[in-house]
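File shown here: input_26.tsv, holding TSV, C-alpha atoms and all ligand atoms.
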chain	number	residue	atom	x	y	z
A	931	MET	CA	48.76	-1.36	15.12
A	932	HIS	CA	49.66	-1.40	11.47
A	933	GLY	CA	47.62	-4.60	10.96
A	934	LYS	CA	44.56	-2.99	12.57
A	935	ARG	CA	44.79	-0.03	10.22
A	936	ILE	CA	44.99	-2.34	7.20
A	937	LEU	CA	41.94	-4.27	8.46
A	938	ARG	CA	39.99	-1.04	9.04
A	939	GLY	CA	40.91	0.07	5.54
A	940	TYR	CA	39.77	-3.26	4.12
A	941	PHE	CA	36.37	-3.17	5.85
A	942	GLY	CA	35.91	0.47	4.90
A	943	MET	CA	36.44	-0.48	1.27
A	944	VAL	CA	34.03	-3.43	1.49
A	945	ASN	CA	31.37	-1.20	3.06
A	946	ALA	CA	31.84	1.43	0.39
A	947	LEU	CA	31.43	-1.23	-2.28
A	948	ARG	CA	28.26	-2.51	-0.58
A	949	ARG	CA	26.84	1.00	-0.46
A	950	ASP	CA	27.60	1.41	-4.15
A	951	ARG	CA	25.92	-1.83	-5.05
A	952	PHE	CA	22.88	-0.92	-2.96
A	953	SER	CA	22.46	2.50	-4.56
A	954	PHE	CA	22.95	0.92	-7.99
A	955	LEU	CA	20.14	-1.53	-7.22
A	956	ARG	CA	17.92	1.25	-5.97
A	957	ASP	CA	18.54	3.35	-9.10
A	958	THR	CA	17.74	0.39	-11.34
A	959	ILE	CA	14.48	-0.14	-9.49
A	960	ARG	CA	13.77	3.60	-9.74
A	961	GLU	CA	14.18	3.52	-13.52
A	962	LYS	CA	11.93	0.50	-13.86
A	963	ASN	CA	9.18	2.16	-11.90
A	964	GLY	CA	9.00	5.44	-13.73
A	965	GLY	CA	11.08	7.47	-11.31
A	966	VAL	CA	9.56	6.08	-8.11
A	967	ALA	CA	12.06	4.63	-5.68
A	968	ILE	CA	11.03	1.41	-4.01
A	969	MET	CA	12.32	1.67	-0.50
A	970	LYS	CA	11.55	-1.79	0.73
A	971	GLN	CA	10.57	-5.02	-0.96
A	972	VAL	CA	9.88	-8.48	0.38
A	973	LYS	CA	8.79	-11.71	-1.25
A	974	ILE	CA	5.93	-13.59	0.41
A	975	GLY	CA	5.39	-16.88	-1.43
A	976	SER	CA	5.02	-15.97	-5.10
A	977	CYS	CA	4.11	-12.33	-4.45
A	978	VAL	CA	6.35	-9.29	-4.02
A	979	LEU	CA	5.22	-6.73	-1.46
A	980	SER	CA	6.71	-3.25	-1.98
A	981	LEU	CA	6.57	-0.03	-0.03
A	982	ILE	CA	6.96	3.07	-2.18
A	983	GLN	CA	6.46	6.80	-1.89
A	984	GLY	CA	4.18	8.13	-4.59
A	985	ASP	CA	0.74	9.04	-5.87
A	986	ILE	CA	-1.72	6.15	-5.99
A	987	THR	CA	-3.44	7.54	-9.11
A	988	GLU	CA	-0.25	7.04	-11.14
A	989	GLN	CA	0.20	3.37	-10.36
A	990	ALA	CA	0.07	0.96	-13.27
A	991	THR	CA	-1.00	-2.08	-11.24
A	992	GLU	CA	-4.14	-3.85	-12.49
A	993	ALA	CA	-6.11	-2.38	-9.60
A	994	ILE	CA	-5.65	0.56	-7.28
A	995	VAL	CA	-7.52	0.81	-4.01
A	996	ASN	CA	-9.53	3.92	-3.15
A	997	ALA	CA	-9.93	5.21	0.42
A	998	ALA	CA	-13.68	5.64	-0.05
A	999	ASN	CA	-16.63	6.51	2.17
A	1000	SER	CA	-19.64	4.27	2.71
A	1001	ARG	CA	-21.85	6.30	0.40
A	1002	LEU	CA	-19.25	5.96	-2.38
A	1003	ALA	CA	-19.97	9.64	-2.85
A	1004	GLY	CA	-16.45	10.87	-3.56
A	1005	GLY	CA	-14.58	13.32	-1.36
A	1006	GLY	CA	-11.07	14.63	-0.73
A	1007	GLY	CA	-7.68	12.92	-0.35
A	1008	VAL	CA	-7.17	9.70	-2.30
A	1009	ASP	CA	-10.86	9.57	-3.24
A	1010	GLY	CA	-10.84	13.04	-4.80
A	1011	ALA	CA	-7.57	12.36	-6.64
A	1012	ILE	CA	-8.85	9.05	-8.08
A	1013	HIS	CA	-12.13	10.53	-9.33
A	1014	ARG	CA	-10.32	13.54	-10.84
A	1015	ALA	CA	-7.77	11.38	-12.65
A	1016	GLY	CA	-10.16	8.56	-13.59
A	1017	GLY	CA	-13.02	10.69	-14.92
A	1018	PRO	CA	-16.81	10.54	-14.40
A	1019	ALA	CA	-17.27	6.88	-15.43
A	1020	ILE	CA	-16.06	5.76	-11.99
A	1021	ALA	CA	-18.58	7.93	-10.08
A	1022	GLU	CA	-21.30	6.70	-12.44
A	1023	GLU	CA	-20.54	3.07	-11.55
A	1024	CYS	CA	-20.34	3.97	-7.86
A	1025	ARG	CA	-23.81	5.55	-8.05
A	1026	LYS	CA	-25.20	2.33	-9.53
A	1027	ILE	CA	-23.62	0.24	-6.77
A	1028	GLY	CA	-25.15	2.66	-4.25
A	1029	GLY	CA	-22.88	2.22	-1.22
A	1030	CYS	CA	-20.55	-0.02	0.74
A	1031	PRO	CA	-20.49	-0.75	4.49
A	1032	THR	CA	-17.45	0.19	6.57
A	1033	GLY	CA	-14.88	-2.61	6.49
A	1034	LYS	CA	-15.93	-3.80	3.03
A	1035	ALA	CA	-14.95	-3.04	-0.57
A	1036	VAL	CA	-16.52	-2.91	-4.04
A	1037	ILE	CA	-14.94	-2.90	-7.48
A	1038	THR	CA	-15.44	-0.62	-10.51
A	1039	ARG	CA	-13.61	-0.05	-13.77
A	1040	GLY	CA	-10.69	2.36	-13.74
A	1041	GLY	CA	-11.92	4.89	-16.31
A	1042	ASN	CA	-9.00	6.97	-17.58
A	1043	LEU	CA	-6.57	5.62	-14.99
A	1044	LYS	CA	-3.63	3.36	-15.88
A	1045	ALA	CA	-5.21	0.79	-13.56
A	1046	ARG	CA	-8.03	-1.27	-15.12
A	1047	TYR	CA	-9.95	-1.44	-11.86
A	1048	VAL	CA	-10.56	0.62	-8.78
A	1049	ILE	CA	-11.35	-1.24	-5.58
A	1050	HIS	CA	-13.24	1.15	-3.30
A	1051	ALA	CA	-12.47	0.17	0.29
A	1052	VAL	CA	-14.19	1.82	3.24
A	1053	GLY	CA	-11.95	2.10	6.27
A	1054	PRO	CA	-13.26	3.14	9.70
A	1055	ILE	CA	-13.33	6.66	11.13
A	1056	TYR	CA	-10.98	6.56	14.13
A	1057	GLN	CA	-12.85	7.23	17.38
A	1058	GLY	CA	-10.25	6.45	20.02
A	1059	GLY	CA	-9.62	2.79	19.21
A	1060	LYS	CA	-12.44	1.11	21.14
A	1061	LYS	CA	-15.03	1.04	18.37
A	1062	LYS	CA	-13.65	-2.01	16.58
A	1063	GLU	CA	-11.52	0.25	14.37
A	1064	ALA	CA	-8.66	-2.28	14.07
A	1065	GLU	CA	-11.07	-5.05	13.09
A	1066	LEU	CA	-12.80	-2.83	10.53
A	1067	LEU	CA	-9.53	-1.60	9.06
A	1068	ARG	CA	-8.28	-5.18	8.75
A	1069	SER	CA	-11.54	-6.13	7.10
A	1070	ALA	CA	-11.25	-3.28	4.55
A	1071	TYR	CA	-7.81	-4.55	3.46
A	1072	LEU	CA	-8.97	-8.16	3.47
A	1073	SER	CA	-12.12	-7.45	1.41
A	1074	SER	CA	-9.96	-5.64	-1.16
A	1075	LEU	CA	-7.55	-8.57	-1.39
A	1076	GLN	CA	-10.45	-11.02	-1.69
A	1077	LEU	CA	-11.99	-8.97	-4.52
A	1078	ALA	CA	-8.64	-8.89	-6.31
A	1079	GLU	CA	-8.39	-12.65	-5.89
A	1080	GLU	CA	-11.96	-13.23	-7.16
A	1081	HIS	CA	-11.08	-11.27	-10.30
A	1082	ARG	CA	-7.78	-13.17	-10.58
A	1083	LEU	CA	-5.84	-9.90	-10.59
A	1084	THR	CA	-2.05	-10.10	-10.55
A	1085	SER	CA	-1.22	-6.70	-9.07
A	1086	ILE	CA	-2.78	-4.18	-6.71
A	1087	SER	CA	-1.75	-0.89	-5.07
A	1088	PHE	CA	-3.06	0.30	-1.72
A	1089	PRO	CA	-2.94	3.73	-0.09
A	1090	SER	CA	-2.74	3.94	3.69
A	1091	LEU	CA	-6.46	3.54	4.41
A	1092	SER	CA	-8.12	5.66	7.13
A	1093	THR	CA	-4.96	7.63	8.02
A	1094	GLY	CA	-6.00	10.93	6.42
A	1095	ALA	CA	-9.46	12.45	6.92
A	1096	TYR	CA	-10.51	9.42	9.02
A	1097	GLY	CA	-7.79	10.13	11.59
A	1098	TYR	CA	-6.42	6.62	12.28
A	1099	PRO	CA	-2.96	6.90	13.93
A	1100	LEU	CA	-0.42	6.01	11.25
A	1101	LYS	CA	1.78	3.61	13.22
A	1102	GLU	CA	-1.15	1.51	14.41
A	1103	ALA	CA	-2.77	1.57	10.97
A	1104	SER	CA	0.48	0.51	9.29
A	1105	LEU	CA	0.72	-2.54	11.56
A	1106	VAL	CA	-2.87	-3.54	10.77
A	1107	ALA	CA	-2.30	-3.04	7.03
A	1108	LEU	CA	0.95	-5.02	6.91
A	1109	ARG	CA	-0.21	-7.86	9.15
A	1110	THR	CA	-3.36	-8.27	7.06
A	1111	ILE	CA	-1.56	-8.26	3.71
A	1112	ILE	CA	1.30	-10.50	4.84
A	1113	ASP	CA	-1.01	-13.00	6.53
A	1114	PHE	CA	-3.29	-13.11	3.47
A	1115	LEU	CA	-0.35	-13.82	1.15
A	1116	SER	CA	1.12	-16.42	3.52
A	1117	GLU	CA	-2.25	-18.19	3.86
A	1118	HIS	CA	-2.99	-18.13	0.11
A	1119	PRO	CA	0.04	-19.68	-1.60
A	1120	GLY	CA	-2.06	-20.17	-4.77
A	1121	THR	CA	-3.04	-16.48	-4.99
A	1122	SER	CA	-3.22	-14.82	-8.41
A	1123	LEU	CA	-1.43	-11.80	-6.91
A	1124	ARG	CA	2.21	-11.38	-7.88
A	1125	GLU	CA	2.60	-7.78	-6.76
A	1126	VAL	CA	1.15	-5.83	-3.86
A	1127	VAL	CA	2.28	-2.22	-3.50
A	1128	LEU	CA	1.68	0.08	-0.56
A	1129	VAL	CA	1.86	3.64	-1.85
A	1130	LEU	CA	2.71	6.17	0.85
A	1131	PHE	CA	2.16	9.81	0.05
A	1132	THR	CA	4.96	11.34	2.15
A	1133	SER	CA	8.43	10.23	3.10
A	1134	PRO	CA	7.71	10.33	6.89
A	1135	ASP	CA	4.73	8.02	6.22
A	1136	LEU	CA	6.96	5.70	4.22
A	1137	ALA	CA	9.51	5.63	7.07
A	1138	VAL	CA	6.78	4.55	9.52
A	1139	TYR	CA	5.67	1.76	7.17
A	1140	GLU	CA	9.28	0.63	6.67
A	1141	GLU	CA	9.76	0.31	10.41
A	1142	SER	CA	6.47	-1.54	10.79
A	1143	LEU	CA	7.36	-3.93	7.97
A	1144	THR	CA	10.56	-4.92	9.77
A	1145	GLN	CA	8.49	-5.44	12.95
A	1146	VAL	CA	5.78	-7.55	11.28
A	1147	LEU	CA	8.28	-9.73	9.37
A	1148	LYS	CA	10.02	-10.43	12.67
A	1149	GLU	CA	6.71	-11.18	14.42
A	1150	ARG	CA	5.76	-13.62	11.69
A	1151	GLY	CA	9.22	-15.21	11.56
A	1152	ILE	CA	9.69	-14.31	7.89
A	1153	GLU	CA	13.33	-14.18	6.78
A	1154	THR	CA	14.35	-11.61	4.17
A	1201	LIG	N1	-1.76	8.93	-3.29
A	1201	LIG	C1	-1.41	8.20	-2.19
A	1201	LIG	N2	-1.75	8.54	-0.94
A	1201	LIG	C2	-2.47	9.67	-0.77
A	1201	LIG	C3	-2.89	10.48	-1.86
A	1201	LIG	C4	-2.50	10.07	-3.16
A	1201	LIG	N3	-2.83	10.77	-4.25
A	1201	LIG	N4	-3.60	11.52	-1.35
A	1201	LIG	C5	-3.63	11.37	-0.02
A	1201	LIG	N5	-2.95	10.26	0.35
A	1201	LIG	P1	-7.55	9.94	2.88
A	1201	LIG	P2	-9.15	8.24	4.70
A	1201	LIG	C6	-2.74	9.67	1.69
A	1201	LIG	O1	-8.00	11.16	3.62
A	1201	LIG	O2	-8.41	8.70	5.90
A	1201	LIG	C7	-12.26	11.14	1.64
A	1201	LIG	O3	-12.91	12.37	1.67
A	1201	LIG	C8	-2.99	10.56	2.89
A	1201	LIG	O4	-1.80	11.26	3.20
A	1201	LIG	O5	-7.55	9.96	1.41
A	1201	LIG	O6	-9.44	6.77	4.55
A	1201	LIG	C9	-13.20	9.98	1.38
A	1201	LIG	O7	-14.29	10.34	0.57
A	1201	LIG	C10	-3.34	9.55	3.96
A	1201	LIG	O8	-2.17	9.02	4.57
A	1201	LIG	O9	-8.45	8.65	3.30
A	1201	LIG	C11	-13.65	9.58	2.76
A	1201	LIG	O10	-14.74	10.36	3.18
A	1201	LIG	C12	-4.00	8.40	3.21
A	1201	LIG	O11	-3.71	8.62	1.84
A	1201	LIG	C13	-12.45	9.90	3.62
A	1201	LIG	O12	-11.69	10.89	2.92
A	1201	LIG	C14	-5.51	8.29	3.38
A	1201	LIG	O13	-6.08	9.59	3.43
A	1201	LIG	C15	-11.54	8.71	3.80
A	1201	LIG	O14	-10.51	9.03	4.69
Could you spell out this file's structure in structure tokens?
Amino acid sequence: MHGKRILRGYFGMVNALRRDRFSFLRDTIREKNGGVAIMKQVKIGSCVLSLIQGDITEQATEAIVNAANSRLAGGGGVDGAIHRAGGPAIAEECRKIGGCPTGKAVITRGGNLKARYVIHAVGPIYQGGKKKEAELLRSAYLSSLQLAEEHRLTSISFPSLSTGAYGYPLKEASLVALRTIIDFLSEHPGTSLREVVLVLFTSPDLAVYEESLTQVLKERGIET
């Protein structure tokens, strides 16, 4: 009886210490990233994939990805925020490019943003799931990663494409996003990318992505 109590006390203390160490780690990461807490991080080859809650326009990665439309005409959500923060030079470049088909991406300079480049990716409008939405969403992420690779970029931040105005269900979209990014990094061990960040706007969105990350890592047999 007495022995059990001592053991319980011992494990309680160990757990408390673990919790302390974990929150210490989290706080250190928070400081490093200008107040943004990284909730989950995983290393795939030579690249770190992070899930954070934040505003994509504030990211200091070399490129940030815009949730654009095929006319590259600007709009609300991420698109509106990027054009507001980056200034008119981005829209000017977009006008010259003219447009981008759904499932593809184009690159411009970042204007006044911290990021040097904006990769404008066009995700699909969700229409029930039978209009090749998953394929097109995958392709939008993949085209962005390929553009980053072509420009030998070392870091990129993504928003959750298509899950706002375009209505793609978040859970399904998170699985497509994470499978595409993880598979790309696994299949390109020589990639220039050292950091891929998924920036989720709200904490419920982040929680969904965290759960999906655990699922995809398990599916792909990746140990953390
Ligand atoms: N930082 C990070 N994520 C954000 C931010 C932000 N500043 N603002 C919104 N989100 P959306 P879509 C989240 O609508 O669904 C535009 O009008 C948001 O909560 O920006 O691909 C374009 O011009 C959601 O989870 O992109 C297109 O016409 C996610 O980002 C159309 O909307 C994507 O929401 C594209 O729609």
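Take CA of Val1052 (chain A) and atom C11 of ligand LIG 1201 (chain A): the distance between them is 7.8 Å.
Coordinates place CA of Ser1000 (chain A) at a distance of 8.7 Å from atom C9 of ligand LIG 1201 (chain A).
Interatomic distance, atom N1 of ligand LIG 1201 (chain A) to CA of His1118 (chain A): 27.3 Å.
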Worksheet item: Please, which residues have at least one atom within 9 Å of an atom of ligand LIG 1201 (chain A), using all atoms listed in the file, listed as JSON, numbers by chain?
Response: {"A": [983, 984, 985, 986, 987, 988, 996, 997, 998, 999, 1000, 1001, 1002, 1003, 1004, 1005, 1006, 1007, 1008, 1009, 1010, 1011, 1012, 1051, 1052, 1053, 1054, 1055, 1056, 1088, 1089, 1090, 1091, 1092, 1093, 1094, 1095, 1096, 1097, 1098, 1100, 1128, 1129, 1130, 1131, 1132, 1135]}
Practice prompt. Using only C-alpha atoms, pick whichever of A:Ser976, A:Ser1073, A:Ser1116, A:Asn1042 has the shortest atom-to-atom distance to Gly1151 (chain A).
Written response: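 When distances to Gly1151 (chain A) are compared using only C-alpha atoms, the smallest one comes from A:Ser1116.
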Worksheet entry | Residue with smallest distance to Glu1023 (chain A) - pool A:Ile994, A:Ala1045, A:Val1036, A:Val972, counting only C-alpha atoms |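 Of A:Ile994, A:Ala1045, A:Val1036, A:Val972, the one nearest Glu1023 (chain A) is A:Val1036, counting only C-alpha atoms.
Distances from A:His1081, A:Arg1109, A:Lys1060, A:Lys1101 to Thr1038 (chain A) were compared using only C-alpha atoms, and the smallest one belongs to A:His1081.
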For region 1120-1150 of chain A, supply N, CA and C atoms and report the output as a PDB file, keeping the file's coordinate frame.
ATOM      1  N   GLY A1120      -1.622 -20.078  -3.368  1.00  0.00           N
ATOM      2  CA  GLY A1120      -2.060 -20.170  -4.770  1.00  0.00           C
ATOM      3  C   GLY A1120      -2.655 -18.871  -5.294  1.00  0.00           C
ATOM      4  N   THR A1121      -2.427 -17.765  -4.584  1.00  0.00           N
ATOM      5  CA  THR A1121      -3.040 -16.480  -4.990  1.00  0.00           C
ATOM      6  C   THR A1121      -2.623 -16.072  -6.403  1.00  0.00           C
ATOM      7  N   SER A1122      -3.542 -15.353  -7.072  1.00  0.00           N
ATOM      8  CA  SER A1122      -3.220 -14.820  -8.410  1.00  0.00           C
ATOM      9  C   SER A1122      -2.281 -13.620  -8.282  1.00  0.00           C
ATOM     10  N   LEU A1123      -2.214 -13.032  -7.089  1.00  0.00           N
ATOM     11  CA  LEU A1123      -1.430 -11.800  -6.910  1.00  0.00           C
ATOM     12  C   LEU A1123       0.076 -12.062  -6.956  1.00  0.00           C
ATOM     13  N   ARG A1124       0.744 -11.294  -7.788  1.00  0.00           N
ATOM     14  CA  ARG A1124       2.210 -11.380  -7.880  1.00  0.00           C
ATOM     15  C   ARG A1124       2.859 -10.125  -7.326  1.00  0.00           C
ATOM     16  N   GLU A1125       2.052  -9.067  -7.191  1.00  0.00           N
ATOM     17  CA  GLU A1125       2.600  -7.780  -6.760  1.00  0.00           C
ATOM     18  C   GLU A1125       1.578  -7.020  -5.918  1.00  0.00           C
ATOM     19  N   VAL A1126       1.959  -6.704  -4.709  1.00  0.00           N
ATOM     20  CA  VAL A1126       1.150  -5.830  -3.860  1.00  0.00           C
ATOM     21  C   VAL A1126       2.019  -4.625  -3.498  1.00  0.00           C
ATOM     22  N   VAL A1127       1.491  -3.428  -3.765  1.00  0.00           N
ATOM     23  CA  VAL A1127       2.280  -2.220  -3.500  1.00  0.00           C
ATOM     24  C   VAL A1127       1.532  -1.353  -2.495  1.00  0.00           C
ATOM     25  N   LEU A1128       2.247  -0.911  -1.477  1.00  0.00           N
ATOM     26  CA  LEU A1128       1.680   0.080  -0.560  1.00  0.00           C
ATOM     27  C   LEU A1128       2.257   1.423  -0.943  1.00  0.00           C
ATOM     28  N   VAL A1129       1.397   2.350  -1.351  1.00  0.00           N
ATOM     29  CA  VAL A1129       1.860   3.640  -1.850  1.00  0.00           C
ATOM     30  C   VAL A1129       1.668   4.693  -0.764  1.00  0.00           C
ATOM     31  N   LEU A1130       2.793   5.162  -0.208  1.00  0.00           N
ATOM     32  CA  LEU A1130       2.710   6.170   0.850  1.00  0.00           C
ATOM     33  C   LEU A1130       2.962   7.553   0.243  1.00  0.00           C
ATOM     34  N   PHE A1131       2.164   8.495   0.692  1.00  0.00           N
ATOM     35  CA  PHE A1131       2.160   9.810   0.050  1.00  0.00           C
ATOM     36  C   PHE A1131       3.391  10.635   0.437  1.00  0.00           C
ATOM     37  N   THR A1132       3.836  10.501   1.684  1.00  0.00           N
ATOM     38  CA  THR A1132       4.960  11.340   2.150  1.00  0.00           C
ATOM     39  C   THR A1132       6.109  10.454   2.622  1.00  0.00           C
ATOM     40  N   SER A1133       7.296  11.052   2.676  1.00  0.00           N
ATOM     41  CA  SER A1133       8.430  10.230   3.100  1.00  0.00           C
ATOM     42  C   SER A1133       8.376   9.900   4.596  1.00  0.00           C
ATOM     43  N   PRO A1134       7.866  10.776   5.494  1.00  0.00           N
ATOM     44  CA  PRO A1134       7.710  10.330   6.890  1.00  0.00           C
ATOM     45  C   PRO A1134       6.734   9.144   7.004  1.00  0.00           C
ATOM     46  N   ASP A1135       5.667   9.153   6.197  1.00  0.00           N
ATOM     47  CA  ASP A1135       4.730   8.020   6.220  1.00  0.00           C
ATOM     48  C   ASP A1135       5.423   6.739   5.765  1.00  0.00           C
ATOM     49  N   LEU A1136       6.227   6.865   4.724  1.00  0.00           N
ATOM     50  CA  LEU A1136       6.960   5.700   4.220  1.00  0.00           C
ATOM     51  C   LEU A1136       7.903   5.162   5.303  1.00  0.00           C
ATOM     52  N   ALA A1137       8.568   6.069   6.024  1.00  0.00           N
ATOM     53  CA  ALA A1137       9.510   5.630   7.070  1.00  0.00           C
ATOM     54  C   ALA A1137       8.774   4.835   8.157  1.00  0.00           C
ATOM     55  N   VAL A1138       7.574   5.280   8.512  1.00  0.00           N
ATOM     56  CA  VAL A1138       6.780   4.550   9.520  1.00  0.00           C
ATOM     57  C   VAL A1138       6.444   3.155   9.009  1.00  0.00           C
ATOM     58  N   TYR A1139       6.011   3.062   7.755  1.00  0.00           N
ATOM     59  CA  TYR A1139       5.670   1.760   7.170  1.00  0.00           C
ATOM     60  C   TYR A1139       6.902   0.852   7.071  1.00  0.00           C
ATOM     61  N   GLU A1140       8.050   1.434   6.753  1.00  0.00           N
ATOM     62  CA  GLU A1140       9.280   0.630   6.670  1.00  0.00           C
ATOM     63  C   GLU A1140       9.606  -0.009   8.015  1.00  0.00           C
ATOM     64  N   GLU A1141       9.478   0.804   9.063  1.00  0.00           N
ATOM     65  CA  GLU A1141       9.760   0.310  10.410  1.00  0.00           C
ATOM     66  C   GLU A1141       8.765  -0.784  10.788  1.00  0.00           C
ATOM     67  N   SER A1142       7.499  -0.554  10.461  1.00  0.00           N
ATOM     68  CA  SER A1142       6.470  -1.540  10.790  1.00  0.00           C
ATOM     69  C   SER A1142       6.669  -2.832  10.006  1.00  0.00           C
ATOM     70  N   LEU A1143       7.133  -2.717   8.764  1.00  0.00           N
ATOM     71  CA  LEU A1143       7.360  -3.930   7.970  1.00  0.00           C
ATOM     72  C   LEU A1143       8.421  -4.802   8.635  1.00  0.00           C
ATOM     73  N   THR A1144       9.504  -4.172   9.075  1.00  0.00           N
ATOM     74  CA  THR A1144      10.560  -4.920   9.770  1.00  0.00           C
ATOM     75  C   THR A1144       9.955  -5.625  10.989  1.00  0.00           C
ATOM     76  N   GLN A1145       9.119  -4.883  11.741  1.00  0.00           N
ATOM     77  CA  GLN A1145       8.490  -5.440  12.950  1.00  0.00           C
ATOM     78  C   GLN A1145       7.588  -6.639  12.617  1.00  0.00           C
ATOM     79  N   VAL A1146       6.748  -6.489  11.599  1.00  0.00           N
ATOM     80  CA  VAL A1146       5.780  -7.550  11.280  1.00  0.00           C
ATOM     81  C   VAL A1146       6.506  -8.792  10.727  1.00  0.00           C
ATOM     82  N   LEU A1147       7.537  -8.584   9.922  1.00  0.00           N
ATOM     83  CA  LEU A1147       8.280  -9.730   9.370  1.00  0.00           C
ATOM     84  C   LEU A1147       8.911 -10.524  10.518  1.00  0.00           C
ATOM     85  N   LYS A1148       9.407  -9.790  11.506  1.00  0.00           N
ATOM     86  CA  LYS A1148      10.020 -10.430  12.670  1.00  0.00           C
ATOM     87  C   LYS A1148       8.955 -11.202  13.456  1.00  0.00           C
ATOM     88  N   GLU A1149       7.827 -10.540  13.703  1.00  0.00           N
ATOM     89  CA  GLU A1149       6.710 -11.180  14.420  1.00  0.00           C
ATOM     90  C   GLU A1149       6.304 -12.484  13.755  1.00  0.00           C
ATOM     91  N   ARG A1150       6.243 -12.462  12.446  1.00  0.00           N
ATOM     92  CA  ARG A1150       5.760 -13.620  11.690  1.00  0.00           C
ATOM     93  C   ARG A1150       6.864 -14.614  11.360  1.00  0.00           C
TER      94      ARG A1150
END
